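**Student:** Enclosed is the structure file work_36.cif (mmCIF, C-alpha atoms).
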```cif
data_input
loop_
_atom_site.group_PDB
_atom_site.id
_atom_site.type_symbol
_atom_site.label_atom_id
_atom_site.label_comp_id
_atom_site.auth_asym_id
_atom_site.auth_seq_id
_atom_site.Cartn_x
_atom_site.Cartn_y
_atom_site.Cartn_z
ATOM 1 C CA MET Z 1 84.605 90.501 88.372
ATOM 2 C CA ALA Z 2 86.173 90.625 84.927
ATOM 3 C CA THR Z 3 87.272 94.053 83.781
ATOM 4 C CA GLY Z 4 87.022 93.217 80.081
ATOM 5 C CA GLY Z 5 89.901 92.854 77.642
ATOM 6 C CA ALA Z 6 93.224 91.264 78.404
ATOM 7 C CA VAL Z 7 95.411 92.441 81.241
ATOM 8 C CA ILE Z 8 98.949 93.071 79.980
ATOM 9 C CA VAL Z 9 101.545 91.810 82.445
ATOM 10 C CA SER Z 10 105.315 92.092 82.546
ATOM 11 C CA THR Z 11 106.868 88.710 81.791
ATOM 12 C CA ALA Z 12 108.975 89.179 84.935
ATOM 13 C CA LEU Z 13 105.774 88.660 86.958
ATOM 14 C CA GLN Z 14 104.920 85.366 85.254
ATOM 15 C CA HIS Z 15 105.279 83.368 88.470
ATOM 16 C CA HIS Z 16 104.050 86.072 90.875
ATOM 17 C CA GLU Z 17 101.180 85.074 93.133
ATOM 18 C CA ALA Z 18 99.187 88.177 92.106
ATOM 19 C CA ILE Z 19 99.035 86.992 88.498
ATOM 20 C CA SER Z 20 97.608 83.581 89.363
ATOM 21 C CA SER Z 21 95.130 85.352 91.632
ATOM 22 C CA LEU Z 22 94.099 87.697 88.793
ATOM 23 C CA SER Z 23 93.690 84.672 86.559
ATOM 24 C CA ASN Z 24 91.502 83.012 89.217
ATOM 25 C CA GLN Z 25 89.378 86.200 89.174
ATOM 26 C CA HIS Z 26 88.608 85.497 85.480
ATOM 27 C CA GLN Z 27 91.065 88.031 84.104
ATOM 28 C CA ARG Z 28 92.629 87.185 80.756
ATOM 29 C CA ILE Z 29 96.390 87.583 81.125
ATOM 30 C CA ARG Z 30 98.748 88.451 78.272
ATOM 31 C CA PHE Z 31 102.460 88.508 79.088
ATOM 32 C CA SER Z 32 104.754 91.005 77.424
ATOM 33 C CA ASP Z 33 108.479 91.722 77.418
ATOM 34 C CA SER Z 34 107.855 95.213 76.053
ATOM 35 C CA VAL Z 35 106.313 96.666 79.230
ATOM 36 C CA ILE Z 36 108.246 97.908 82.242
ATOM 37 C CA ILE Z 37 109.400 95.158 84.583
ATOM 38 C CA GLY Z 38 106.862 94.556 87.332
ATOM 39 C CA SER Z 39 103.974 96.308 85.600
ATOM 40 C CA ILE Z 40 100.369 95.264 85.114
ATOM 41 C CA ILE Z 41 98.223 97.228 82.671
ATOM 42 C CA PHE Z 42 94.430 97.254 82.360
ATOM 43 C CA PRO Z 43 93.954 98.771 78.859
ATOM 44 C CA PRO Z 44 90.119 99.180 78.954
ATOM 45 C CA SER Z 45 90.433 101.189 82.169
ATOM 46 C CA GLY Z 46 93.566 103.075 81.218
ATOM 47 C CA VAL Z 47 95.290 102.253 84.509
ATOM 48 C CA ALA Z 48 98.672 100.707 85.145
ATOM 49 C CA PHE Z 49 100.195 99.241 88.276
ATOM 50 C CA ILE Z 50 103.756 98.448 89.200
ATOM 51 C CA ILE Z 51 104.482 95.989 91.985
ATOM 52 C CA VAL Z 52 107.481 96.763 94.164
ATOM 53 C CA GLU Z 53 108.607 94.873 97.249
ATOM 54 C CA ILE Z 54 109.584 97.314 99.982
ATOM 55 C CA GLN Z 55 112.718 95.340 100.869
ATOM 56 C CA ASP Z 56 114.090 96.232 97.400
ATOM 57 C CA PHE Z 57 114.487 99.796 98.696
ATOM 58 C CA CYS Z 58 116.613 98.571 101.597
ATOM 59 C CA ASP Z 59 119.431 97.607 99.215
ATOM 60 C CA LYS Z 60 121.224 100.804 98.116
ATOM 61 C CA SER Z 61 122.632 99.095 95.002
ATOM 62 C CA THR Z 62 119.158 98.360 93.599
ATOM 63 C CA GLU Z 63 117.368 101.461 94.944
ATOM 64 C CA ALA Z 64 118.630 103.826 92.211
ATOM 65 C CA LYS Z 65 117.635 101.404 89.420
ATOM 66 C CA LEU Z 66 114.238 100.917 91.047
ATOM 67 C CA ILE Z 67 113.594 104.675 91.258
ATOM 68 C CA GLU Z 68 114.636 105.010 87.612
ATOM 69 C CA ARG Z 69 112.212 102.216 86.630
ATOM 70 C CA ILE Z 70 109.377 103.882 88.569
ATOM 71 C CA GLU Z 71 110.140 107.249 86.918
ATOM 72 C CA GLN Z 72 109.991 105.606 83.494
ATOM 73 C CA PHE Z 73 106.714 103.899 84.447
ATOM 74 C CA VAL Z 74 105.183 107.209 85.584
ATOM 75 C CA HIS Z 75 106.369 108.919 82.399
ATOM 76 C CA ILE Z 76 104.645 106.299 80.221
ATOM 77 C CA HIS Z 77 101.392 105.770 82.131
ATOM 78 C CA ARG Z 78 99.026 108.659 82.856
ATOM 79 C CA ASN Z 79 97.032 106.769 85.516
ATOM 80 C CA SER Z 80 99.776 104.992 87.422
ATOM 81 C CA PHE Z 81 99.748 103.201 90.747
ATOM 82 C CA LEU Z 82 102.626 101.795 92.762
ATOM 83 C CA LEU Z 83 101.683 98.762 94.831
ATOM 84 C CA LEU Z 84 104.222 98.828 97.654
ATOM 85 C CA ALA Z 85 104.295 95.372 99.194
ATOM 86 C CA ALA Z 86 105.365 94.731 102.789
ATOM 87 C CA ALA Z 87 103.993 92.117 105.164
ATOM 88 C CA LEU Z 88 104.265 94.599 108.039
ATOM 89 C CA TYR Z 89 104.610 98.357 108.022
ATOM 90 C CA GLY Z 90 106.981 99.373 110.793
ATOM 91 C CA PRO Z 91 108.923 102.644 111.156
ATOM 92 C CA LYS Z 92 111.423 101.748 108.408
ATOM 93 C CA GLU Z 93 108.675 100.838 105.921
ATOM 94 C CA TRP Z 94 106.716 104.031 106.665
ATOM 95 C CA GLU Z 95 109.925 106.033 106.176
ATOM 96 C CA ILE Z 96 110.446 104.451 102.748
ATOM 97 C CA LEU Z 97 106.797 105.138 101.850
ATOM 98 C CA PHE Z 98 107.172 108.776 102.966
ATOM 99 C CA LYS Z 99 110.367 109.203 100.880
ATOM 100 C CA LEU Z 100 108.595 107.782 97.831
ATOM 101 C CA GLN Z 101 105.637 110.106 98.357
ATOM 102 C CA GLN Z 102 107.993 113.075 98.582
ATOM 103 C CA ARG Z 103 109.960 111.946 95.531
ATOM 104 C CA PHE Z 104 106.855 111.572 93.355
ATOM 105 C CA LEU Z 105 104.813 114.437 94.826
ATOM 106 C CA GLY Z 106 103.080 116.293 92.024
ATOM 107 C CA SER Z 107 103.356 113.380 89.607
ATOM 108 C CA ASN Z 108 100.516 111.158 88.449
ATOM 109 C CA LEU Z 109 101.753 108.271 90.646
ATOM 110 C CA ARG Z 110 99.552 107.096 93.489
ATOM 111 C CA ILE Z 111 101.152 104.814 96.046
ATOM 112 C CA ILE Z 112 99.131 102.017 97.603
ATOM 113 C CA PRO Z 113 100.610 100.149 100.571
ATOM 114 C CA ALA Z 114 99.768 96.454 100.396
ATOM 115 C CA HIS Z 115 100.342 93.757 102.983
ATOM 116 C CA ASN Z 116 99.747 90.736 100.778
ATOM 117 C CA THR Z 117 98.716 89.498 97.346
ATOM 118 C CA GLY Z 118 95.030 89.695 98.251
ATOM 119 C CA ASP Z 119 95.374 93.426 99.006
ATOM 120 C CA MET Z 120 97.171 94.004 95.701
ATOM 121 C CA VAL Z 121 94.630 92.143 93.575
ATOM 122 C CA LYS Z 122 91.646 93.703 95.340
ATOM 123 C CA SER Z 123 93.123 97.193 94.846
ATOM 124 C CA MET Z 124 93.879 96.587 91.173
ATOM 125 C CA LEU Z 125 90.449 95.163 90.359
ATOM 126 C CA THR Z 126 88.589 97.853 92.301
ATOM 127 C CA ILE Z 127 90.475 100.676 90.594
ATOM 128 C CA ALA Z 128 90.251 99.046 87.152
ATOM 129 C CA LYS Z 129 86.494 98.560 87.525
ATOM 130 C CA ALA Z 130 85.883 102.071 88.887
ATOM 131 C CA THR Z 131 87.816 103.718 86.050
ATOM 132 C CA ARG Z 132 86.350 101.672 83.203
ATOM 133 C CA LYS Z 133 83.581 103.018 80.983
ATOM 134 C CA PRO Z 134 80.598 103.014 81.404
ATOM 135 C CA HIS Z 135 81.092 102.680 85.166
ATOM 136 C CA VAL Z 136 83.239 105.817 85.392
ATOM 137 C CA ASP Z 137 80.552 107.814 83.539
ATOM 138 C CA SER Z 138 77.908 106.529 85.935
ATOM 139 C CA VAL Z 139 80.014 107.507 88.959
ATOM 140 C CA ARG Z 140 80.692 110.951 87.457
ATOM 141 C CA ASP Z 141 76.955 111.481 86.835
ATOM 142 C CA ARG Z 142 76.084 110.432 90.394
ATOM 143 C CA ILE Z 143 78.696 112.781 91.851
ATOM 144 C CA ALA Z 144 77.349 115.675 89.759
ATOM 145 C CA MET Z 145 73.790 114.912 90.894
ATOM 146 C CA ILE Z 146 74.793 114.707 94.564
ATOM 147 C CA ARG Z 147 76.786 117.921 94.259
ATOM 148 C CA ALA Z 148 73.766 119.694 92.769
ATOM 149 C CA GLN Z 149 71.557 118.390 95.595
ATOM 150 C CA ILE Z 150 74.029 119.564 98.244
ATOM 151 C CA ILE Z 151 74.208 123.027 96.713
ATOM 152 C CA GLU Z 152 70.431 123.159 96.326
ATOM 153 C CA ARG Z 153 69.840 122.278 99.995
ATOM 154 C CA SER Z 154 72.663 124.390 101.365
ATOM 155 C CA PRO Z 155 71.596 127.021 103.944
ATOM 156 C CA VAL Z 156 74.164 129.377 102.418
ATOM 157 C CA TRP Z 157 72.584 128.917 99.001
ATOM 158 C CA GLU Z 158 69.123 129.605 100.501
ATOM 159 C CA MET Z 159 70.388 132.745 102.218
ATOM 160 C CA LEU Z 160 71.964 134.049 99.000
ATOM 161 C CA HIS Z 161 68.802 133.252 97.039
ATOM 162 C CA LYS Z 162 66.601 135.128 99.584
ATOM 163 C CA ARG Z 163 68.981 138.067 99.577
ATOM 164 C CA GLN Z 164 68.885 138.177 95.790
ATOM 165 C CA LEU Z 165 65.044 138.259 95.903
ATOM 166 C CA ASN Z 166 65.102 141.057 98.499
ATOM 167 C CA ASP Z 167 67.536 143.149 96.457
ATOM 168 C CA ALA Z 168 65.390 142.864 93.333
#
```
If you took the structure in this file and wrote it as structure tokens, what would it be?
**Tutor:**
Amino acid sequence: MATGGAVIVSTALQHHEAISSLSNQHQRIRFSDSVIIGSIIFPPSGVAFIIVEIQDFCDKSTEAKLIERIEQFVHIHRNSFLLLAAALYGPKEWEILFKLQQRFLGSNLRIIPAHNTGDMVKSMLTIAKATRKPHVDSVRDRIAMIRAQIIERSPVWEMLHKRQLNDA
């Protein structure tokens, strides 16, 4: 399921399991030192992901730098996703996720909890494919058509239409 074009990946992720998995999914990978550490960008889709291990938030000395990096990432990328990796999501992990959601509420960052590399890669490829032209146009057209059908068949719409005919 190639998304077209090269995927730009932070050099820091060169040996990450997700990158070899993306490569196995026929994605062309181009490494760059000029992107934010931990980021993966799908230019044809206009989406960017940043991979963060949840245990990095457990260390107070790295937490502030991590938040700063995420803020910079969100500032640069309009369609940004944080892949928050944890093998298990217990109370501490959910608390960290909740704090991140609160911190970035109202921003363009969407947070995706992931248990493993497979979850991360599947999420990235699904989002990249769904937001890539012409697929995104097709989805938008289908949603508009379905919306029109729902309105057309709505009992409220029928009632208003009948009332309008009676008032005329």
**Student:** Can you check which parts of segment 101-156 of chain Z lie within 10 Å of segment 63-71 of chain Z? Per residue, the shortest pair of atoms and distance in Å to one decimal, counting all atoms listed in the file, sorted by chain and number, as a tab-separated table.
**Tutor:**
```
residue	atom	partner	partner_atom	distance
Z:Arg103	CA	Z:Ile67	CA	9.2
Z:Phe104	CA	Z:Glu71	CA	8.4
Z:Ser107	CA	Z:Glu71	CA	9.5
Z:Leu109	CA	Z:Ile70	CA	9.0
```
**Student:** Once 6 Å is added on each side, what are the centre and the three edge lengths, in Å to one decimal, of the axis-aligned box enclosing the listed atoms of segment 110-124 of chain Z? Present them as AutoDock Vina command-line options.
**Tutor:**
```
--center_x 96.4 --center_y 98.3 --center_z 97.1 --size_x 21.5 --size_y 29.6 --size_z 23.8
```
**Student:** Determine the residue set returned by the PyMOL selection byres ((chain Z and resi 16) around 12) for the present structure, and present it as a list in words.
**Tutor:**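 Checking the PyMOL selection byres ((chain Z and resi 16) around 12) against this file, the residues are Val9, Ser10, Thr11, Ala12, Leu13, Gln14, His15, Glu17, Ala18, Ile19, Ser20, Ser21, Leu22, Ser23, Gly38, Ser39, Ile40, Ile51, Val52, Glu53, Asn116, Thr117, Met120 and Val121 of chain Z.
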**Student:** Would you work out the distance separating atom CA of Asn108 of chain Z from atom CA of Arg142 of chain Z, expressed in Å to one decimal?
**Tutor:**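 Calculated distance between atom CA of Asn108 of chain Z and atom CA of Arg142 of chain Z is 24.5 Å.
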**Student:** For Phe73 of chain Z, please output as an MDAnalysis selection string all residues within 8 Å (counting all atoms listed in the file; exclusion window: fewer than 5 positions along the same chain).
**Tutor:** chainID Z and resid 36 50 80
**Student:** Next, the residues of the selection above should be written as a CSV table (one decimal), in the frame of the given file with C-alpha atoms.
**Tutor:**
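The resulting file, out33.csv, is reproduced below:
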```csv
chain,number,residue,atom,x,y,z
Z,36,ILE,CA,108.2,97.9,82.2
Z,50,ILE,CA,103.8,98.4,89.2
Z,80,SER,CA,99.8,105.0,87.4
```
**Student:** Could you work out how far atom CA of Arg30 of chain Z lies from atom CA of His77 of chain Z, giving the answer in Å with one decimal?
**Tutor:**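 Between atom CA of His77 of chain Z and atom CA of Arg30 of chain Z the gap works out to 17.9 Å.
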**Student:** Can you tell me, as a list in words, which residues sit within 12 Å of (95.6, 109.8, 85.7) in the file's frame, using all atoms listed in the file?
**Tutor:**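 It turns out the residues near that spot are Ser45, Gly46, Val47, Ala48, Phe49, Val74, His75, Ile76, His77, Arg78, Asn79, Ser80, Phe81, Gly106, Ser107, Asn108, Leu109, Arg110, Ile127 and Thr131 of chain Z.
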**Student:** Using only C-alpha atoms, please write the residues we just selected to a file, as a short mmCIF file (atom, residue, chain, number, x, y, z; two decimals), in the frame of the given file.
**Tutor:**
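Wrote it out as result-v6.cif, contents follow:
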```
data_model
loop_
_atom_site.label_atom_id
_atom_site.label_comp_id
_atom_site.auth_asym_id
_atom_site.auth_seq_id
_atom_site.Cartn_x
_atom_site.Cartn_y
_atom_site.Cartn_z
CA SER Z 45 90.43 101.19 82.17
CA GLY Z 46 93.57 103.08 81.22
CA VAL Z 47 95.29 102.25 84.51
CA ALA Z 48 98.67 100.71 85.14
CA PHE Z 49 100.20 99.24 88.28
CA VAL Z 74 105.18 107.21 85.58
CA HIS Z 75 106.37 108.92 82.40
CA ILE Z 76 104.64 106.30 80.22
CA HIS Z 77 101.39 105.77 82.13
CA ARG Z 78 99.03 108.66 82.86
CA ASN Z 79 97.03 106.77 85.52
CA SER Z 80 99.78 104.99 87.42
CA PHE Z 81 99.75 103.20 90.75
CA GLY Z 106 103.08 116.29 92.02
CA SER Z 107 103.36 113.38 89.61
CA ASN Z 108 100.52 111.16 88.45
CA LEU Z 109 101.75 108.27 90.65
CA ARG Z 110 99.55 107.10 93.49
CA ILE Z 127 90.48 100.68 90.59
CA THR Z 131 87.82 103.72 86.05
#
```
**Student:** To one decimal place in Å, what is the distance between atom CA of Arg132 of chain Z and atom CA of Ile41 of chain Z?
**Tutor:**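 Atom-to-atom, atom CA of Arg132 of chain Z and atom CA of Ile41 of chain Z are spaced 12.7 Å apart.
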**Student:** To verify the selection step, state as a PyMOL selection string which residues the PyMOL selection byres ((chain Z and resi 96) around 12) yields on this input.
**Tutor:** chain Z and resi 52-59+63+67+84-86+89-95+97-103+111+113
**Student:** Mind rebuilding segment 42-67 of chain Z with N, CA and C atoms and writing that out as a compact mmCIF listing (two decimals), keeping the file's coordinate frame?
**Tutor:**
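After the write, part_29.txt holds the following:
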```txt
# COMPACT_ATOMS: atom_id res chain seq x y z
N PHE Z 42 95.83 97.54 82.68
CA PHE Z 42 94.43 97.25 82.36
C PHE Z 42 94.02 98.22 81.24
N PRO Z 43 94.23 97.85 79.97
CA PRO Z 43 93.95 98.77 78.86
C PRO Z 43 92.54 99.36 78.82
N PRO Z 44 91.45 98.57 79.03
CA PRO Z 44 90.12 99.18 78.95
C PRO Z 44 89.89 100.28 80.00
N SER Z 45 90.60 100.20 81.11
CA SER Z 45 90.43 101.19 82.17
C SER Z 45 91.46 102.31 82.07
N GLY Z 46 92.52 102.06 81.34
CA GLY Z 46 93.57 103.08 81.22
C GLY Z 46 94.40 103.23 82.47
N VAL Z 47 94.48 102.19 83.29
CA VAL Z 47 95.29 102.25 84.51
C VAL Z 47 96.42 101.24 84.43
N ALA Z 48 97.51 101.59 85.11
CA ALA Z 48 98.67 100.71 85.14
C ALA Z 48 99.20 100.65 86.58
N PHE Z 49 99.66 99.48 86.93
CA PHE Z 49 100.20 99.24 88.28
C PHE Z 49 101.61 98.71 88.14
N ILE Z 50 102.43 99.04 89.12
CA ILE Z 50 103.76 98.45 89.20
C ILE Z 50 103.91 97.89 90.61
N ILE Z 51 104.32 96.64 90.68
CA ILE Z 51 104.48 95.99 91.98
C ILE Z 51 105.94 96.11 92.41
N VAL Z 52 106.14 96.63 93.62
CA VAL Z 52 107.48 96.76 94.16
C VAL Z 52 107.48 96.24 95.59
N GLU Z 53 108.44 95.38 95.89
CA GLU Z 53 108.61 94.87 97.25
C GLU Z 53 109.41 95.91 98.03
N ILE Z 54 108.94 96.25 99.22
CA ILE Z 54 109.58 97.31 99.98
C ILE Z 54 111.03 96.99 100.34
N GLN Z 55 111.34 95.70 100.51
CA GLN Z 55 112.72 95.34 100.87
C GLN Z 55 113.70 95.67 99.75
N ASP Z 56 113.21 95.84 98.50
CA ASP Z 56 114.09 96.23 97.40
C ASP Z 56 114.66 97.63 97.60
N PHE Z 57 113.99 98.46 98.40
CA PHE Z 57 114.49 99.80 98.70
C PHE Z 57 115.53 99.78 99.80
N CYS Z 58 115.64 98.68 100.50
CA CYS Z 58 116.61 98.57 101.60
C CYS Z 58 118.03 98.33 101.07
N ASP Z 59 118.14 97.87 99.84
CA ASP Z 59 119.43 97.61 99.22
C ASP Z 59 119.81 98.82 98.36
N LYS Z 60 120.83 99.56 98.80
CA LYS Z 60 121.22 100.80 98.12
C LYS Z 60 121.65 100.56 96.66
N SER Z 61 122.18 99.37 96.37
CA SER Z 61 122.63 99.10 95.00
C SER Z 61 121.47 98.97 94.03
N THR Z 62 120.31 98.51 94.49
CA THR Z 62 119.16 98.36 93.60
C THR Z 62 118.19 99.54 93.68
N GLU Z 63 118.32 100.36 94.73
CA GLU Z 63 117.37 101.46 94.94
C GLU Z 63 117.37 102.45 93.78
N ALA Z 64 118.54 102.85 93.30
CA ALA Z 64 118.63 103.83 92.21
C ALA Z 64 117.99 103.28 90.93
N LYS Z 65 118.22 102.02 90.62
CA LYS Z 65 117.64 101.40 89.42
C LYS Z 65 116.12 101.32 89.56
N LEU Z 66 115.67 101.03 90.77
CA LEU Z 66 114.24 100.92 91.05
C LEU Z 66 113.54 102.27 90.87
N ILE Z 67 114.15 103.32 91.41
CA ILE Z 67 113.59 104.68 91.26
C ILE Z 67 113.55 105.05 89.78
```
